$ cat query_9.cif   # mmCIF, C-alpha atoms and all ligand atoms
data_my_file
loop_
_atom_site.label_atom_id
_atom_site.label_comp_id
_atom_site.auth_asym_id
_atom_site.auth_seq_id
_atom_site.Cartn_x
_atom_site.Cartn_y
_atom_site.Cartn_z
CA MET A 367 0.00 0.00 0.00
CA ALA A 368 1.40 3.36 -0.97
CA GLU A 369 1.82 6.05 1.66
CA GLU A 370 -0.66 8.19 -0.23
CA ASP A 371 -3.33 5.53 0.28
CA VAL A 372 -2.73 5.60 4.03
CA VAL A 373 -2.98 9.37 4.05
CA GLN A 374 -6.21 9.21 2.05
CA TRP A 375 -7.64 6.62 4.43
CA LEU A 376 -6.76 8.71 7.47
CA TYR A 377 -8.11 11.86 5.85
CA ALA A 378 -11.45 10.28 4.99
CA GLY A 379 -11.80 8.69 8.41
CA ALA A 380 -11.01 11.91 10.25
CA GLN A 381 -13.36 13.91 8.04
CA ALA A 382 -16.19 11.55 8.87
CA LEU A 383 -15.56 12.05 12.59
CA LEU A 384 -15.16 15.79 12.34
CA GLN A 385 -18.64 16.46 10.93
CA GLY A 386 -17.51 19.74 9.49
CA SER A 387 -15.68 21.11 12.56
CA PRO A 388 -13.09 23.68 11.44
CA ARG A 389 -11.07 23.46 14.66
CA MET A 390 -7.56 22.10 14.36
CA GLY A 391 -7.65 20.63 17.87
CA ASP A 392 -10.62 18.50 16.78
CA MET A 393 -8.69 17.41 13.69
CA GLU A 394 -5.72 16.31 15.76
CA LYS A 395 -7.95 14.31 18.09
CA ALA A 396 -9.87 12.78 15.17
CA LEU A 397 -6.69 11.57 13.46
CA ASP A 398 -5.53 10.04 16.70
CA ARG A 399 -8.83 8.19 17.10
CA VAL A 400 -9.02 6.99 13.51
CA SER A 401 -5.56 5.46 13.58
CA ARG A 402 -5.67 4.14 17.13
CA GLU A 403 -7.15 0.75 16.28
CA VAL A 404 -4.65 0.01 13.49
CA ARG A 405 -1.79 1.02 15.75
CA ARG A 406 -3.18 -1.26 18.44
CA LYS A 407 -3.33 -4.16 15.98
CA ALA A 408 0.16 -3.48 14.67
CA LEU A 409 1.51 -3.39 18.23
CA GLU A 410 -0.22 -6.66 18.97
CA ARG A 411 1.43 -8.21 15.94
CA LEU A 412 4.87 -6.80 16.81
CA THR A 413 4.77 -8.01 20.41
CA GLN A 414 3.48 -11.40 19.27
CA ALA A 415 6.33 -11.75 16.78
CA ALA A 416 8.88 -10.82 19.45
CA ALA A 417 7.35 -13.31 21.89
CA ALA A 418 7.53 -16.06 19.27
CA GLN A 419 11.23 -15.35 18.76
CA GLN A 420 12.00 -15.46 22.46
CA ALA A 421 14.28 -18.28 23.58
CA LEU A 422 13.01 -20.08 26.66
CA VAL A 423 15.85 -19.20 29.00
CA CYS A 424 15.79 -17.73 32.49
CA PRO A 425 16.11 -13.90 32.33
CA VAL A 426 18.01 -13.98 35.64
CA CYS A 427 20.52 -16.83 35.32
CA GLN A 428 20.27 -17.70 31.61
CA SER A 429 19.61 -21.43 32.21
CA ALA A 430 17.18 -23.21 29.89
CA LEU A 431 13.65 -23.33 31.30
CA GLN A 432 11.52 -26.40 31.67
CA VAL A 433 8.40 -25.66 29.63
CA VAL A 434 5.25 -25.33 31.69
CA GLU A 435 2.91 -24.07 28.99
CA HIS A 436 3.03 -22.65 25.48
CA GLN A 437 0.82 -19.83 24.24
CA ARG A 438 -0.34 -18.64 27.62
CA VAL A 439 -2.40 -15.49 26.97
CA ARG A 440 -2.25 -12.26 28.93
CA THR A 441 -3.70 -8.85 28.17
CA VAL A 442 -1.67 -5.67 28.29
CA GLU A 443 -2.92 -2.09 28.64
CA SER A 444 -0.95 -0.32 25.92
CA ALA A 445 -0.75 3.27 24.73
CA PHE A 446 -3.26 2.32 21.99
CA GLY A 447 -5.62 0.19 24.08
CA LYS A 448 -5.72 -3.42 25.26
CA ILE A 449 -3.68 -6.01 23.39
CA ARG A 450 -3.53 -9.77 23.77
CA LEU A 451 -0.24 -11.57 23.95
CA ALA A 452 0.43 -15.31 23.87
CA ARG A 453 3.81 -16.55 25.10
CA SER A 454 5.49 -19.57 26.57
CA TYR A 455 6.67 -19.90 30.12
CA GLY A 456 8.70 -22.32 32.10
CA LEU A 457 10.39 -23.26 35.31
CA CYS A 458 13.97 -22.30 36.11
CA LEU A 459 15.40 -25.11 38.18
CA SER A 460 18.23 -23.03 39.63
CA CYS A 461 16.08 -20.00 40.52
CA GLN A 462 13.11 -22.21 41.48
CA LYS A 463 10.71 -19.86 39.76
CA GLN A 464 8.19 -19.96 36.97
CA LEU A 465 9.21 -17.32 34.49
CA PHE A 466 7.90 -15.61 31.35
CA PRO A 467 11.05 -14.64 29.40
CA ALA A 468 9.07 -12.83 26.69
CA ASP A 469 7.49 -10.56 29.31
CA ALA A 470 10.90 -9.68 30.71
CA THR A 471 12.27 -8.88 27.25
CA LEU A 472 9.26 -6.77 26.33
CA GLY A 473 9.47 -4.87 29.63
CA LEU A 474 6.21 -6.19 31.12
CA HIS A 475 5.85 -6.89 34.82
CA ALA A 476 4.17 -9.85 36.43
CA ARG A 477 0.60 -9.12 37.56
CA ALA A 478 0.72 -5.54 36.29
CA PRO A 479 -1.17 -4.84 33.08
CA ALA A 480 0.60 -1.63 32.02
CA SER A 481 2.83 -1.57 28.94
CA PRO A 482 6.20 0.20 29.28
CA ARG A 483 4.83 3.41 27.72
CA VAL A 484 1.84 3.36 30.06
CA GLN A 485 4.14 2.65 33.02
CA GLU A 486 6.21 5.65 32.04
CA ILE A 487 3.23 7.93 31.53
CA CYS A 488 1.85 6.98 34.96
CA ALA A 489 5.21 7.58 36.61
CA LEU A 490 5.78 10.95 34.95
CA THR A 491 2.34 12.35 35.67
CA ALA A 492 2.29 11.10 39.27
CA LEU A 493 5.51 13.02 39.87
CA ARG A 494 3.73 16.20 38.90
CA ALA A 495 0.21 15.94 40.22
CA PRO A 496 -1.87 13.91 42.67
CA ALA A 497 -3.37 10.82 41.00
CA GLY A 498 -6.90 12.24 40.68
CA GLN A 499 -5.71 15.22 38.71
CA ALA A 500 -3.17 13.15 36.79
CA GLU A 501 -5.94 10.89 35.46
CA GLU A 502 -7.49 13.76 33.50
CA ASP A 503 -4.16 15.05 32.29
CA VAL A 504 -3.20 11.63 30.95
CA ARG A 505 -6.48 11.40 29.03
CA ARG A 506 -5.99 14.88 27.59
CA LEU A 507 -2.36 14.40 26.65
CA THR A 508 -2.42 10.84 25.37
CA GLY A 509 -6.03 9.73 24.95
CA ILE A 510 -5.30 6.83 27.33
CA GLU A 511 -7.90 6.10 29.99
CA VAL A 512 -6.15 5.12 33.21
CA GLY A 513 -8.08 5.21 36.47
CA ALA A 514 -6.64 7.19 39.37
CA SER A 515 -5.97 4.08 41.43
CA THR A 516 -4.23 2.25 38.57
CA LEU A 517 -2.20 5.35 37.95
CA HIS A 518 -1.15 5.60 41.56
CA ARG A 519 -0.38 1.88 41.83
CA GLU A 520 1.62 1.90 38.61
CA ALA A 521 3.58 5.01 39.63
CA ARG A 522 4.27 3.37 42.98
CA ARG A 523 5.56 0.26 41.22
CA GLN A 524 7.96 2.40 39.22
CA GLY A 525 8.99 4.09 42.47
CA GLU A 526 9.81 0.70 43.94
CA ARG A 527 11.97 -0.04 40.91
CA ALA A 528 13.81 3.27 41.32
CA LEU A 529 14.23 2.51 45.00
CA SER A 530 15.82 -0.87 44.36
CA LEU A 531 18.29 0.71 41.91
CA ARG A 532 19.10 3.34 44.51
CA ASP A 533 19.49 0.71 47.25
CA ALA A 534 21.91 -1.19 45.03
CA ASP A 535 24.02 1.96 44.56
CA GLU A 536 23.91 2.68 48.28
CA HIS A 537 25.10 -0.86 48.93
CA ARG A 538 27.97 -0.37 46.48
CA THR A 539 29.45 2.32 48.74
CA GLN A 540 30.09 -0.38 51.36
CA HIS A 541 32.92 -2.12 49.52
CA ALA A 542 35.89 -1.16 47.36
CA ASP A 543 34.66 -2.85 44.15
CA GLY A 544 31.34 -1.08 44.42
CA ILE A 545 33.00 2.29 44.99
CA ALA A 546 35.16 1.72 41.91
CA ALA A 547 32.06 0.79 39.89
CA LEU A 548 30.27 3.98 40.95
CA ALA A 549 33.32 6.12 40.19
CA ALA A 550 33.61 4.50 36.75
CA ARG A 551 30.20 5.96 35.82
CA ALA A 552 31.51 9.50 36.17
CA THR A 553 32.60 11.39 33.07
CA PRO A 554 34.72 14.17 34.55
CA PRO A 555 36.67 16.56 32.30
CA GLN A 556 40.39 16.08 31.71
CA THR A 557 41.14 19.48 33.24
CA SER A 558 41.10 20.00 36.99
CA PHE A 559 37.73 20.84 38.48
CA THR A 560 35.95 21.63 41.73
CA LEU A 561 33.06 19.48 42.92
CA VAL A 562 30.39 21.33 44.90
CA ILE A 563 28.14 19.49 47.36
CA GLU A 564 25.24 21.29 49.05
CA VAL A 565 23.09 19.74 51.76
CA ASP A 566 19.93 20.70 53.64
CA ALA A 567 16.87 19.10 55.20
CA TRP A 568 13.13 19.70 55.22
CA ASN A 569 10.08 18.20 56.88
CA ILE A 570 7.45 15.86 55.59
CA ARG A 571 4.23 14.95 57.31
CA GLU A 572 2.81 11.47 57.51
CA ARG A 573 -0.28 9.99 59.00
CA ASP A 574 0.64 7.71 61.83
CA ASN A 575 -1.92 4.92 61.99
CA TRP A 576 0.17 2.43 63.88
CA GLY A 577 -1.33 1.64 67.24
CA LYS A 578 -4.03 4.21 66.74
CA THR A 579 -6.83 3.22 69.10
CA ASP A 580 -10.53 3.46 68.50
CA ALA A 581 -10.77 5.83 71.42
CA LEU A 582 -8.41 8.27 69.76
CA LEU A 583 -10.22 7.87 66.49
CA LYS A 584 -13.52 8.66 68.17
CA ALA A 585 -12.02 11.69 69.82
CA GLY A 586 -11.22 12.86 66.29
CA LYS A 587 -7.54 13.10 67.08
CA GLU A 588 -5.31 13.02 64.09
CA LEU A 589 -2.00 11.37 64.76
CA GLU A 590 0.72 12.57 62.53
CA ARG A 591 4.44 12.76 62.58
CA TRP A 592 7.03 14.88 60.89
CA HIS A 593 10.00 13.28 59.27
CA TRP A 594 13.18 14.82 58.04
CA VAL A 595 13.93 14.56 54.37
CA PHE A 596 17.67 14.90 53.98
CA THR A 597 18.48 16.43 50.64
CA GLY A 598 21.69 17.01 48.74
CA THR A 599 22.88 18.19 45.37
CA VAL A 600 26.24 17.63 43.66
CA PHE A 601 27.66 19.50 40.70
CA ARG A 602 30.89 20.58 39.11
CA LEU A 603 31.73 24.24 39.47
CA ASP A 604 32.42 24.51 35.73
CA GLN A 605 28.82 23.43 35.08
CA ARG A 606 27.43 26.44 36.86
CA GLY A 607 26.60 29.45 34.71
CA THR A 608 24.05 32.21 34.27
CA THR A 609 21.22 32.70 31.79
CA GLU A 610 21.07 35.80 29.63
CA ALA A 611 18.69 37.23 32.20
CA GLY A 612 21.37 36.70 34.86
CA ARG A 613 19.63 33.83 36.60
CA PRO A 614 22.05 31.15 37.89
CA VAL A 615 21.75 27.77 36.16
CA ILE A 616 23.59 24.49 36.60
CA ALA A 617 23.89 22.48 33.41
CA GLU A 618 24.17 19.09 35.04
CA ARG A 619 23.78 18.02 38.62
CA GLY A 620 23.04 15.07 40.84
CA TYR A 621 20.41 14.88 43.57
CA VAL A 622 19.76 12.89 46.70
CA ALA A 623 16.56 12.99 48.79
CA THR A 624 15.68 10.50 51.48
CA ARG A 625 13.93 10.10 54.78
CA ARG A 626 15.75 6.95 55.69
CA GLY A 627 17.89 8.82 58.17
CA LEU A 628 21.35 10.32 58.20
CA ASP A 629 23.40 7.15 57.76
CA SER A 630 21.56 6.20 54.61
CA PHE A 631 21.65 9.79 53.35
CA GLN A 632 25.39 9.88 53.88
CA ARG A 633 25.91 6.74 51.79
CA GLN A 634 23.53 7.93 49.06
CA LEU A 635 25.28 11.29 48.88
CA TYR A 636 28.62 9.55 48.64
CA ALA A 637 27.31 7.29 45.83
CA GLU A 638 26.00 10.31 43.93
CA SER A 639 29.25 12.26 44.42
CA LEU A 640 31.28 9.32 43.12
CA GLN A 641 29.10 9.24 40.02
CA ARG A 642 29.67 12.97 39.54
CA GLY A 643 33.47 12.69 39.62
CA LEU A 644 34.39 12.88 43.33
CA GLN A 645 37.56 10.84 42.92
CA LYS A 646 38.91 13.07 40.13
CA ALA A 647 38.01 16.38 41.75
CA GLN A 648 40.90 18.65 42.57
CA MET A 649 38.82 20.34 45.23
CA VAL A 650 35.59 19.44 47.00
CA LEU A 651 33.47 22.18 48.54
CA ILE A 652 30.59 21.46 50.92
CA LEU A 653 27.98 24.11 51.67
CA GLY A 654 25.12 24.13 54.13
CA ASP A 655 23.49 26.16 56.87
CA GLY A 656 24.94 25.96 60.37
CA ALA A 657 23.36 22.60 61.31
CA VAL A 658 25.77 20.32 63.18
CA TRP A 659 24.81 17.13 61.30
CA ILE A 660 26.01 18.68 58.04
CA TRP A 661 29.53 19.24 59.33
CA ASN A 662 29.69 15.84 60.98
CA LEU A 663 28.69 14.27 57.70
CA ALA A 664 31.20 16.37 55.79
CA THR A 665 34.04 15.42 58.10
CA ASP A 666 33.10 11.72 58.17
CA ARG A 667 32.41 11.12 54.53
CA PHE A 668 34.33 13.83 52.70
CA PRO A 669 37.54 14.36 54.66
CA GLY A 670 39.68 17.03 53.07
CA ALA A 671 36.69 18.83 51.62
CA ARG A 672 36.41 22.58 52.19
CA GLN A 673 33.40 23.45 54.34
CA ARG A 674 31.44 26.67 54.02
CA VAL A 675 28.43 28.02 55.92
CA ASP A 676 25.79 29.64 53.77
CA LEU A 677 26.47 33.39 53.83
CA HIS A 678 22.80 34.35 54.17
CA HIS A 679 22.45 32.31 57.34
CA VAL A 680 25.47 34.06 58.82
CA GLN A 681 24.13 37.45 57.78
CA LYS A 682 20.85 36.59 59.45
CA HIS A 683 22.70 35.97 62.71
CA LEU A 684 24.13 39.49 62.51
CA TRP A 685 20.76 41.03 61.65
CA ASP A 686 19.06 39.22 64.54
CA LEU A 687 21.72 40.52 66.87
CA ALA A 688 21.34 44.03 65.47
CA HIS A 689 17.61 43.89 66.16
CA GLU A 690 18.14 42.61 69.66
CA LEU A 691 20.65 45.37 70.46
CA HIS A 692 18.96 48.30 68.73
CA GLY A 693 15.37 47.26 68.16
CA PRO A 694 13.81 45.54 65.14
CA GLY A 695 13.66 47.60 61.96
CA THR A 696 15.41 50.63 63.44
CA GLN A 697 17.94 52.77 61.64
CA ALA A 698 20.35 52.25 64.51
CA ALA A 699 20.24 48.51 63.87
CA GLN A 700 20.99 49.09 60.19
CA LEU A 701 23.89 51.39 60.94
CA TRP A 702 25.31 48.99 63.49
CA VAL A 703 25.14 45.91 61.26
CA ARG A 704 26.54 47.44 58.07
CA PRO A 705 30.29 47.25 58.83
CA TYR A 706 29.92 43.70 60.16
CA LEU A 707 28.24 42.58 56.93
CA GLN A 708 30.99 44.21 54.90
CA TRP A 709 33.84 42.65 56.89
CA LEU A 710 32.25 39.27 56.52
CA ALA A 711 31.80 39.42 52.75
CA ARG A 712 34.82 41.49 51.71
CA ARG A 713 37.72 40.91 54.08
CA LYS A 714 40.14 38.03 53.97
CA ASP A 715 39.58 37.04 57.59
CA GLY A 716 36.27 38.80 57.96
CA ALA A 717 34.95 36.39 60.58
CA LEU A 718 37.85 37.30 62.89
CA ASP A 719 37.03 40.99 62.55
CA VAL A 720 33.41 40.20 63.39
CA ILE A 721 34.48 38.28 66.49
CA GLU A 722 36.73 41.13 67.63
CA GLY A 723 33.97 43.66 67.04
CA LEU A 724 31.48 41.58 69.02
CA ALA A 725 33.97 41.03 71.85
CA GLN A 726 34.30 44.81 72.32
CA LEU A 727 30.54 45.41 72.49
CA PRO A 728 30.09 44.92 76.26
CA ALA A 729 32.70 47.63 76.87
CA THR A 730 31.42 50.09 74.24
CA LEU A 731 27.64 49.74 74.45
CA VAL A 732 26.23 51.15 77.67
CA GLY A 733 23.24 49.73 79.46
CA LEU A 734 23.26 46.24 77.97
CA THR A 735 20.75 43.90 79.60
CA ARG A 736 21.77 40.48 80.86
CA SER A 737 19.96 38.77 78.05
CA GLN A 738 21.69 40.99 75.48
CA ARG A 739 25.08 40.12 76.96
CA LYS A 740 24.15 36.47 76.80
CA THR A 741 23.16 36.77 73.15
CA ILE A 742 26.47 38.47 72.32
CA ARG A 743 28.39 35.66 73.99
CA ARG A 744 26.36 33.09 72.10
CA GLU A 745 27.01 34.82 68.78
CA ILE A 746 30.74 35.06 69.48
CA GLY A 747 30.64 31.30 70.07
CA TYR A 748 28.84 30.81 66.77
CA PHE A 749 31.40 32.81 64.80
CA GLU A 750 34.30 31.12 66.58
CA GLU A 751 32.90 27.71 65.80
CA HIS A 752 32.40 28.43 62.11
CA GLN A 753 35.14 30.96 61.28
CA GLU A 754 37.02 28.44 59.16
CA ARG A 755 33.83 28.00 57.15
CA MET A 756 33.45 31.71 56.38
CA ASP A 757 36.06 32.29 53.68
CA TYR A 758 33.64 34.23 51.52
CA LYS A 759 36.15 36.59 49.96
CA ALA A 760 38.44 33.78 48.82
CA GLY A 761 35.47 31.74 47.63
CA LYS A 762 34.11 34.59 45.53
CA ALA A 763 37.54 35.18 43.99
CA LEU A 764 37.52 31.54 42.83
CA GLY A 765 34.03 31.87 41.40
CA GLN A 766 32.61 29.49 44.00
CA PRO A 767 29.16 29.76 45.55
CA VAL A 768 29.12 31.45 48.97
CA GLY A 769 25.57 30.38 49.68
CA SER A 770 23.62 27.17 49.57
CA GLY A 771 20.97 28.60 47.26
CA ALA A 772 21.15 25.64 44.88
CA ILE A 773 20.05 23.14 47.53
CA GLU A 774 17.46 25.51 48.96
CA SER A 775 15.75 25.79 45.61
CA THR A 776 15.98 22.01 45.21
CA CYS A 777 14.24 21.54 48.56
CA SER A 778 11.45 23.90 47.62
CA GLN A 779 10.94 22.06 44.34
CA TYR A 780 10.56 18.76 46.20
CA GLN A 781 8.29 20.37 48.75
CA ARG A 782 5.97 21.72 46.09
CA ARG A 783 5.14 18.14 45.16
CA PHE A 784 5.52 16.37 48.48
CA LYS A 785 3.96 18.88 50.83
CA LEU A 786 0.71 19.63 49.07
CA THR A 787 -1.90 20.77 51.57
CA GLY A 788 -3.73 17.91 53.19
CA GLN A 789 -1.54 15.33 51.59
CA PHE A 790 -0.35 12.44 53.67
CA TRP A 791 2.09 9.81 52.66
CA SER A 792 2.92 6.47 54.10
CA LEU A 793 6.53 5.81 55.02
CA ALA A 794 7.10 3.22 52.31
CA GLY A 795 5.11 5.24 49.83
CA ASP A 796 6.94 8.46 49.84
CA GLU A 797 10.38 6.94 49.95
CA ALA A 798 9.44 5.22 46.68
CA PHE A 799 8.13 8.46 45.20
CA LEU A 800 11.14 10.36 46.48
CA ALA A 801 13.36 7.76 44.80
CA LEU A 802 11.37 8.06 41.59
CA ALA A 803 11.47 11.87 41.57
CA THR A 804 15.18 11.81 42.30
CA HIS A 805 15.89 9.20 39.64
CA HIS A 806 14.14 11.41 37.13
CA ARG A 807 16.07 14.51 38.21
CA ASN A 808 19.33 12.60 38.03
CA GLY A 809 18.85 11.90 34.33
CA ARG A 810 18.64 8.13 34.84
CA TRP A 811 15.13 7.68 33.50
CA SER A 812 16.30 5.29 30.81
CA GLN A 813 17.42 2.82 33.50
CA LEU A 814 13.72 2.36 34.24
CA PHE A 815 12.47 2.90 30.70
CA PRO A 816 15.03 1.74 28.15
CA HIS A 817 12.88 3.16 25.32
CA ASP A 818 13.71 6.62 26.66
CA VAL A 819 16.75 7.12 24.46
CA GLU A 820 17.03 9.85 21.85
ZN ZN B 1 17.24 -18.78 36.72
#
$ encode --input "query_9.cif" --output "structure tokens"
Amino acid sequence: MAEEDVVQWLYAGAQALLQGSPRMGDMEKALDRVSREVRRKALERLTQAAAAQQALVCPVCQSALQVVEHQRVRTVESAFGKIRLARSYGLCLSCQKQLFPADATLGLHARAPASPRVQEICALTALRAPAGQAEEDVRRLTGIEVGASTLHREARRQGERALSLRDADEHRTQHADGIAALAARATPPQTSFTLVIEVDAWNIRERDNWGKTDALLKAGKELERWHWVFTGTVFRLDQRGTTEAGRPVIAERGYVATRRGLDSFQRQLYAESLQRGLQKAQMVLILGDGAVWIWNLATDRFPGARQRVDLHHVQKHLWDLAHELHGPGTQAAQLWVRPYLQWLARRKDGALDVIEGLAQLPATLVGLTRSQRKTIRREIGYFEEHQERMDYKAGKALGQPVGSGAIESTCSQYQRRFKLTGQFWSLAGDEAFLALATHHRNGRWSQLFPHDVE
């Protein structure tokens, strides 16, 4: 059949559906509908041919399978509608499992009807919107009807897959071979480079049903808990630039987000850093706010890395002190704080100058209250503790970030999806979704969906 015949057939079919509508959107939808059934049939034929070609060997250990049944039929929910697929299956004696090698090759999962494209569509939309809303968007964008619960279940399944890939990488950090394997994935430049790691944490809310008694339920008490989501980002300094509008952009970066606790976060961050060139980096720079866990982690896992406290957090300390000494929002507070801010940002050992300035306050400011004196002492302690992490002038001269803005914007992006009002997540559930979202951000989508290659 010539191409022109196909075009003519599509044209006539669409025209019949259109009933004279002059709207292009209607035309696009009509063409999609007219050709859907032939695409469905062609897909059915393609998958059937592939299944017929499939050797009956175990997808895990490659041993020959003992045939259990030929031509076992299953249905698959594809991007063009339901298809039927007949394939053989057998028993692997070494794995002690009944297996469908054709399903594995095609990318179909046991007991889940979604085709790989439908799996991917569910995963992508669930990352962006709650399942109820996603259902409509999927129908609009693809013409596929997937119920909200199927969509959620399918997205969850993909999350579990992402999670097991992540767990495997985390496990690799525990032994030398694994570390080498992770490092081998990095494609660092030949020239020397700086690797930047920024870390932060945010809160997630979950409904806590465990041990919830009827009495509490009747009292209408909602039990919920907050969990920390430890978050990190890793990028090479040479991959940071600015848009024409002057907005900072990072061409390529890695992400970590987990609520499995600090130990797991530490290993995941290490795995991600290895994959972003940690072992080849001439310099490693770690940025965060003042939180103690960040510096413990940095010292433990990245010895030799330069540590830097986010400049805005330090400035906030000075502003808070200014307000306490001279009153919030007063001109006196502004005048007082200005030289401190300048020393900090512009002098080589600015933190030392700040400490000296603060140390002289009790002698120079008359009528300080006890609580003000206490605050001054506390702030001196803060600057003394972090002064090595306040090399802002030197950092700026090297074109390095002096703030942890990159991780803060990452956290707010995660929060936009994971902290929707009234949304509760189960512990297992959101770790899977976090893993899925992070996998997507990390540019490793094709590990889950091999068809996702340009
Ligand atoms: Zn096997």
$ residues_around --input "query_9.cif" --residues "Gly716 (chain A)" --least-positions-apart "3" --cutoff "12 Å" --atoms "all atoms listed in the file" --output "list in words"
Leu677, Val680, Pro705, Tyr706, Leu707, Gln708, Trp709, Leu710, Ala711, Arg712, Arg713, Asp719, Val720, Ile721, Glu722, Gly723, Phe749, Glu750, His752, Gln753, Glu754, Arg755, Met756, Asp757, Tyr758, Lys759 and Ala760 of chain A
$ closest_atom_pairs --input "query_9.cif" --of "chain A" --to "ligand ZN 1 (chain B)" --cutoff "10 Å" --atoms "only C-alpha atoms and all ligand atoms" --output "Markdown table"
| residue | atom | partner | partner_atom | distance |
| --- | --- | --- | --- | --- |
| A:Val423 | CA | B:ZN1 | ZN | 7.9 |
| A:Cys424 | CA | B:ZN1 | ZN | 4.6 |
| A:Pro425 | CA | B:ZN1 | ZN | 6.7 |
| A:Val426 | CA | B:ZN1 | ZN | 5.0 |
| A:Cys427 | CA | B:ZN1 | ZN | 4.1 |
| A:Gln428 | CA | B:ZN1 | ZN | 6.0 |
| A:Ser429 | CA | B:ZN1 | ZN | 5.7 |
| A:Ala430 | CA | B:ZN1 | ZN | 8.1 |
| A:Leu431 | CA | B:ZN1 | ZN | 7.9 |
| A:Leu457 | CA | B:ZN1 | ZN | 8.3 |
| A:Cys458 | CA | B:ZN1 | ZN | 4.8 |
| A:Leu459 | CA | B:ZN1 | ZN | 6.8 |
| A:Ser460 | CA | B:ZN1 | ZN | 5.2 |
| A:Cys461 | CA | B:ZN1 | ZN | 4.2 |
| A:Gln462 | CA | B:ZN1 | ZN | 7.2 |
| A:Lys463 | CA | B:ZN1 | ZN | 7.3 |
| A:Gln464 | CA | B:ZN1 | ZN | 9.1 |
| A:Leu465 | CA | B:ZN1 | ZN | 8.5 |
$ atom_distance --input "query_9.cif" --atom1 "CA of His817 (chain A)" --atom2 "CA of Phe446 (chain A)"
16.5 Å
$ closest_residue --input "query_9.cif" --among "A:Gln485, A:Asn808, A:Thr776, A:Thr539" --to "Ala567 (chain A)" --atoms "only C-alpha atoms"
A:Thr776
$ residues_around --input "query_9.cif" --residues "Ala421 (chain A)" --least-positions-apart "4" --cutoff "9 Å" --atoms "all atoms listed in the file" --output "NGL selection string"
:A and (417 or 430 or 467-468)
$ write_last_selection --input "query_9.cif" --atoms "C-alpha atoms" --output "mmCIF file, in the coordinates of the input"
data_model
loop_
_atom_site.group_PDB
_atom_site.id
_atom_site.type_symbol
_atom_site.label_atom_id
_atom_site.label_comp_id
_atom_site.auth_asym_id
_atom_site.auth_seq_id
_atom_site.Cartn_x
_atom_site.Cartn_y
_atom_site.Cartn_z
ATOM 1 C CA ALA A 417 7.350 -13.310 21.890
ATOM 2 C CA ALA A 430 17.180 -23.210 29.890
ATOM 3 C CA PRO A 467 11.050 -14.640 29.400
ATOM 4 C CA ALA A 468 9.070 -12.830 26.690
#
$ closest_residue --input "query_9.cif" --among "A:Asp655, A:Asp543, A:Glu690, A:Glu797" --to "Phe784 (chain A)" --atoms "all atoms listed in the file"
A:Glu797
$ residues_around --input "query_9.cif" --residues "Arg505 (chain A)" --least-positions-apart "6" --cutoff "12 Å" --atoms "only C-alpha atoms" --output "PyMOL selection string"
chain A and resi 395+445-446+484+487-488+491+498-499+511-514+517
$ closest_residue --input "query_9.cif" --among "A:Arg506, A:Lys714, A:His678, A:Arg810" --to "Asp398 (chain A)" --atoms "only C-alpha atoms"
A:Arg506
$ atom_distance --input "query_9.cif" --atom1 "CA of Val658 (chain A)" --atom2 "CA of Leu635 (chain A)"
16.9 Å
$ closest_residue --input "query_9.cif" --among "A:Ala725, A:Pro482, A:Ala763, A:Gln414" --to "Asp818 (chain A)" --atoms "all atoms listed in the file"
A:Pro482
$ atom_distance --input "query_9.cif" --atom1 "CA of His692 (chain A)" --atom2 "CA of Leu718 (chain A)"
22.6 Å
$ build_atoms --input "query_9.cif" --residues "region 496-504 of chain A" --atoms "N, CA and C atoms" --output "compact mmCIF listing (two decimals), in the coordinates of the input"
# COMPACT_ATOMS: atom_id res chain seq x y z
N PRO A 496 -1.21 15.02 41.98
CA PRO A 496 -1.87 13.91 42.67
C PRO A 496 -2.66 13.07 41.66
N ALA A 497 -2.83 11.77 41.98
CA ALA A 497 -3.37 10.82 41.00
C ALA A 497 -4.71 11.26 40.39
N GLY A 498 -5.59 11.85 41.20
CA GLY A 498 -6.90 12.24 40.68
C GLY A 498 -6.78 13.23 39.54
N GLN A 499 -5.93 14.20 39.72
CA GLN A 499 -5.71 15.22 38.71
C GLN A 499 -4.95 14.64 37.52
N ALA A 500 -4.02 13.74 37.82
CA ALA A 500 -3.17 13.15 36.79
C ALA A 500 -4.02 12.37 35.79
N GLU A 501 -5.08 11.70 36.31
CA GLU A 501 -5.94 10.89 35.46
C GLU A 501 -6.45 11.71 34.27
N GLU A 502 -6.96 12.91 34.57
CA GLU A 502 -7.49 13.76 33.50
C GLU A 502 -6.41 14.23 32.56
N ASP A 503 -5.26 14.57 33.13
CA ASP A 503 -4.16 15.05 32.29
C ASP A 503 -3.68 13.97 31.32
N VAL A 504 -3.64 12.74 31.81
CA VAL A 504 -3.20 11.63 30.95
C VAL A 504 -4.18 11.48 29.78
